[in-house]
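Worksheet: one structure, shown below.
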Amino acid sequence: MLADRQRYLNQLIKKQWNGRIKVICGIRRSGKSTILFELFKEYLIKEGVREENIISLALDDDRNTAYRDPAVLSEYVHQIVRNSSDRFYVLIDEIQYAISKEELRNPDQPVRIYSVLNGFLHTKNIDVYVTGSNSKLLSKDISTEFRGRGDTVNVYPLSFKEFYEASGMEKTDAYNEYMTYGGMPYLLSLNDDDDKYRYLDELFEEIYFKDIEERYTIQLPGVLRELTSSLCSSVGSLTNASKIARTVNSAKNLKTDSETISTYLGYLTDSFLFNKADRYDIKGKKYFEYPSKYYCTDIGLRNVRLGLRQQEETHIMENLIYNELIVRGYVVDVGVVPFWITEESRKKSLKNLEIDFIARRGSKLYYVQSALSMDDEEKQIKELRPLMEVENSFKKIVVSKSYGKSWVDDEGILRIGLIDFLLDENSLER
């Protein structure tokens with residue numbers, strides 16, 4: 001079964017011949033290659049582009065090892081387009097394979113592949129598209145290395161809507177499957193739970209960890225694995241490098257420090273395995289330096305990393321909502337609302353209330369609370385109080401699994417059911 005990735009295909013169609021390098025970023029096996037080499041290529045051919053005018057190279061394929069040398073890649077492409085008045089599309093998969101370890105280690109050493117890609121842009125009849133699985137080597141370099149001529153398309157594992165529509169399951173069954181095994185596209189072709197578990201487990205050991213260890217010459221692979229497990233175990237919890245280092249040091253007699261953990265955290269987020277959400281003081285209008293929260297890019301990877309043992313739906317639901325907001329293009333922070341409480345002794349103390357997510361996109365901003373259940377008054381007071389303390393007119397939303405149809409309460413807070421939120425991309429606009 002092939003999921004509908006129209007969201008990403010539309011972005012590529014819109015960006016054709018815009019004079020920029022289209023950089024498609026995302027975790028490995030999230031479907032970048034399918035989107036570029038199958039969906040986009042199929043679209044081009046249907047639009048009348050001849051197949052010989054589409055130059056496709058997958059650099060993670062051993063048969064294309066020679067083209068990992070930027071000079072060889074440049075000569076290959078220019079030899080095809082030279083002396084031709086035709087338009088050519090250049091599609092390169094996993095471009096980070098063309099970046100050497102020496103270029104990675106030495107920030108002062110120019111990365112040759114960037115010069116090659118910029119050179120392609122100087123050729124009027126070439127339109128360039130590349131995929132990559134490392135944000136440090138690609139998306140973070142776009143503004144500097146591509147001199148304002150880079151355009152990012154972020155690809156994520158299947159959203160719940162994409163998964164549900166492709167799976168053919170009933171909503172409840174699809175949700176239960178998705179919250180367990182997540183949205184890696186290949187899972188749609190697997191029916192056996194053991195096969196799904198084995199596939200996700202092998203992604204960590206055979207691809208993600210190997211990629212990081214080989215590229216960055218990891219000296220403490222055990223620490224990297226334990227850090228990954230720790231982050232998976234504590235999704236949605238406040239943490240920092242020092243706290244994680246203490247946790248890792250107490251496990252399996254591993255020894256590390258906060259500096260190493262901070263470096264490894266960077267590797268894991270740069271590889272798109274995790275996303276970091278910073279805390280924002282809503283009243284003070286400033287960010288906290290630490291602690292922060294980390295969310296897994298795919299909930300199935302998280303669950304399998306923990307052996308399907310820690311299935312707390314509250315945390316899983318929070319992670320799913322975060323991922324959905326990111327997929328929709330929002331910048332997502334954790335909201336902090338300072339609140340003075342009066343104790344029995346009449347002494348006042350300052351307490352920080354938390355809003356799960358502040359979602360920003362352009363001029364729009366939403367405050368979103370994740371609440372698995374809102375069945376009792378105590379739970380409602382706990383979840384609603386932070387929203388009530390926000391003194392501005394931006395929209396406030398509570399997403400709960402216990403809700404049926406959406407409604408707006410007397411305080412102007414939108415109450416929406418989890419499934420409705422996940423399936424309706426315009427749910428925050430209601």
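In the structure tokens, chains take letters A, B, ... by order of appearance, with residues numbered from 1 within each chain and ligands from 1 in the order shown.
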
>> Just want the 12 Å neighbourhood of Asn426 in chain A, counted on only C-alpha atoms, with same-chain residues fewer than 3 positions away dropped. Output as a list in words.
In response: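 Close residues of Asn426 in chain A: Glu324, Leu325, Arg328, Ile416, Asp420, Phe421, Leu422, Leu423, Glu429 and Arg430 of chain A.
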
>> From a backbone DSSP assignment, name each residue in range 192-423 of chain A labelled alpha helix (DSSP H), as a ChimeraX atom specification.
In response: /A:193-202,209-216,221-233,241-249,258-270,299-305,313-327,377-388,418-423

> Can you tell me how far CA of Thr247 in chain A sits from CA of Pro221 in chain A, in Å to one decimal?
Replying inline: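 Taking CA of Thr247 in chain A and CA of Pro221 in chain A, their separation equals 16.0 Å.
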
Contacts of Gly168 in chain A within 12 Å, only C-alpha atoms, excl. fewer than 5 positions in-chain, as an mmCIF file with N, CA and C atoms, in the first residue's frame:
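The resulting file, selection.cif, is reproduced below:
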```cif
data_model
loop_
_atom_site.group_PDB
_atom_site.id
_atom_site.type_symbol
_atom_site.label_atom_id
_atom_site.label_comp_id
_atom_site.auth_asym_id
_atom_site.auth_seq_id
_atom_site.Cartn_x
_atom_site.Cartn_y
_atom_site.Cartn_z
ATOM 1 N N MET A 1 0.845 -1.195 0.000
ATOM 2 C CA MET A 1 0.000 0.000 0.000
ATOM 3 C C MET A 1 0.881 1.246 0.000
ATOM 4 N N LEU A 2 0.513 2.204 -0.821
ATOM 5 C CA LEU A 2 1.267 3.446 -0.913
ATOM 6 C C LEU A 2 0.431 4.571 -0.323
ATOM 7 N N ALA A 3 0.968 5.228 0.703
ATOM 8 C CA ALA A 3 0.238 6.306 1.361
ATOM 9 C C ALA A 3 0.224 7.549 0.485
ATOM 10 N N LYS A 161 -3.499 10.742 9.798
ATOM 11 C CA LYS A 161 -4.434 10.809 8.679
ATOM 12 C C LYS A 161 -3.904 10.019 7.483
ATOM 13 N N GLU A 162 -2.627 10.197 7.153
ATOM 14 C CA GLU A 162 -2.030 9.451 6.039
ATOM 15 C C GLU A 162 -2.087 7.948 6.306
ATOM 16 N N PHE A 163 -1.769 7.563 7.549
ATOM 17 C CA PHE A 163 -1.782 6.148 7.910
ATOM 18 C C PHE A 163 -3.197 5.583 7.849
ATOM 19 N N ASP A 173 -9.328 1.120 15.418
ATOM 20 C CA ASP A 173 -8.272 0.136 15.154
ATOM 21 C C ASP A 173 -7.026 0.818 14.599
ATOM 22 N N ALA A 174 -7.230 1.788 13.701
ATOM 23 C CA ALA A 174 -6.096 2.509 13.114
ATOM 24 C C ALA A 174 -5.346 3.281 14.195
ATOM 25 N N TYR A 175 -6.080 3.904 15.109
ATOM 26 C CA TYR A 175 -5.428 4.653 16.189
ATOM 27 C C TYR A 175 -4.611 3.729 17.084
ATOM 28 N N GLU A 177 -3.319 0.873 16.367
ATOM 29 C CA GLU A 177 -2.148 0.405 15.618
ATOM 30 C C GLU A 177 -1.099 1.507 15.526
ATOM 31 N N LEU A 188 3.134 -0.362 6.341
ATOM 32 C CA LEU A 188 1.875 -0.631 5.660
ATOM 33 C C LEU A 188 1.918 -1.948 4.889
#
```

>> Can you pull out the residues contacting Asp281 in chain A? Cut-off 7 Å, using only C-alpha atoms, and skip same-chain residues under 2 positions away; I want them as a PyMOL selection string.
In response: chain A and resi 279+283-287+335-337

Preceding selection exported with N, CA, C and O atoms as a PDB file, in the first residue's frame:
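Final output, part_31.pdb:
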```pdb
ATOM      1  N   ARG A 279      11.212  25.830  26.402  1.00  0.00           N
ATOM      2  CA  ARG A 279      10.191  26.439  27.259  1.00  0.00           C
ATOM      3  C   ARG A 279      10.171  27.943  27.052  1.00  0.00           C
ATOM      4  O   ARG A 279      11.216  28.593  26.979  1.00  0.00           O
ATOM      5  N   LYS A 283       4.332  35.300  29.883  1.00  0.00           N
ATOM      6  CA  LYS A 283       4.189  36.659  30.420  1.00  0.00           C
ATOM      7  C   LYS A 283       5.488  37.454  30.284  1.00  0.00           C
ATOM      8  O   LYS A 283       5.468  38.642  29.971  1.00  0.00           O
ATOM      9  N   GLY A 284       6.626  36.797  30.524  1.00  0.00           N
ATOM     10  CA  GLY A 284       7.906  37.490  30.416  1.00  0.00           C
ATOM     11  C   GLY A 284       8.425  37.588  28.995  1.00  0.00           C
ATOM     12  O   GLY A 284       9.387  38.301  28.716  1.00  0.00           O
ATOM     13  N   LYS A 285       7.792  36.847  28.082  1.00  0.00           N
ATOM     14  CA  LYS A 285       8.146  36.844  26.657  1.00  0.00           C
ATOM     15  C   LYS A 285       9.634  36.563  26.440  1.00  0.00           C
ATOM     16  O   LYS A 285      10.350  37.305  25.778  1.00  0.00           O
ATOM     17  N   LYS A 286      10.075  35.451  27.007  1.00  0.00           N
ATOM     18  CA  LYS A 286      11.473  35.056  26.846  1.00  0.00           C
ATOM     19  C   LYS A 286      11.579  33.538  26.951  1.00  0.00           C
ATOM     20  O   LYS A 286      10.717  32.872  27.548  1.00  0.00           O
ATOM     21  N   TYR A 287      12.645  32.993  26.374  1.00  0.00           N
ATOM     22  CA  TYR A 287      12.894  31.558  26.440  1.00  0.00           C
ATOM     23  C   TYR A 287      13.758  31.222  27.645  1.00  0.00           C
ATOM     24  O   TYR A 287      14.633  31.993  28.038  1.00  0.00           O
ATOM     25  N   GLY A 335       4.781  26.085  26.830  1.00  0.00           N
ATOM     26  CA  GLY A 335       4.415  27.349  27.463  1.00  0.00           C
ATOM     27  C   GLY A 335       4.557  27.314  28.971  1.00  0.00           C
ATOM     28  O   GLY A 335       4.206  26.325  29.617  1.00  0.00           O
ATOM     29  N   VAL A 336       5.080  28.398  29.533  1.00  0.00           N
ATOM     30  CA  VAL A 336       5.207  28.541  30.987  1.00  0.00           C
ATOM     31  C   VAL A 336       4.458  29.796  31.419  1.00  0.00           C
ATOM     32  O   VAL A 336       4.678  30.877  30.865  1.00  0.00           O
ATOM     33  N   VAL A 337       3.560  29.630  32.409  1.00  0.00           N
ATOM     34  CA  VAL A 337       2.772  30.763  32.905  1.00  0.00           C
ATOM     35  C   VAL A 337       3.050  30.934  34.391  1.00  0.00           C
ATOM     36  O   VAL A 337       2.631  30.099  35.207  1.00  0.00           O
TER      37      VAL A 337
END
```

> Counting only C-alpha atoms, what is within 9 Å of Ile126 in chain A, bar same-chain residues fewer than 6 positions away, as an NGL selection string?
Replying inline: :A and (17 or 81 or 87-90 or 120)
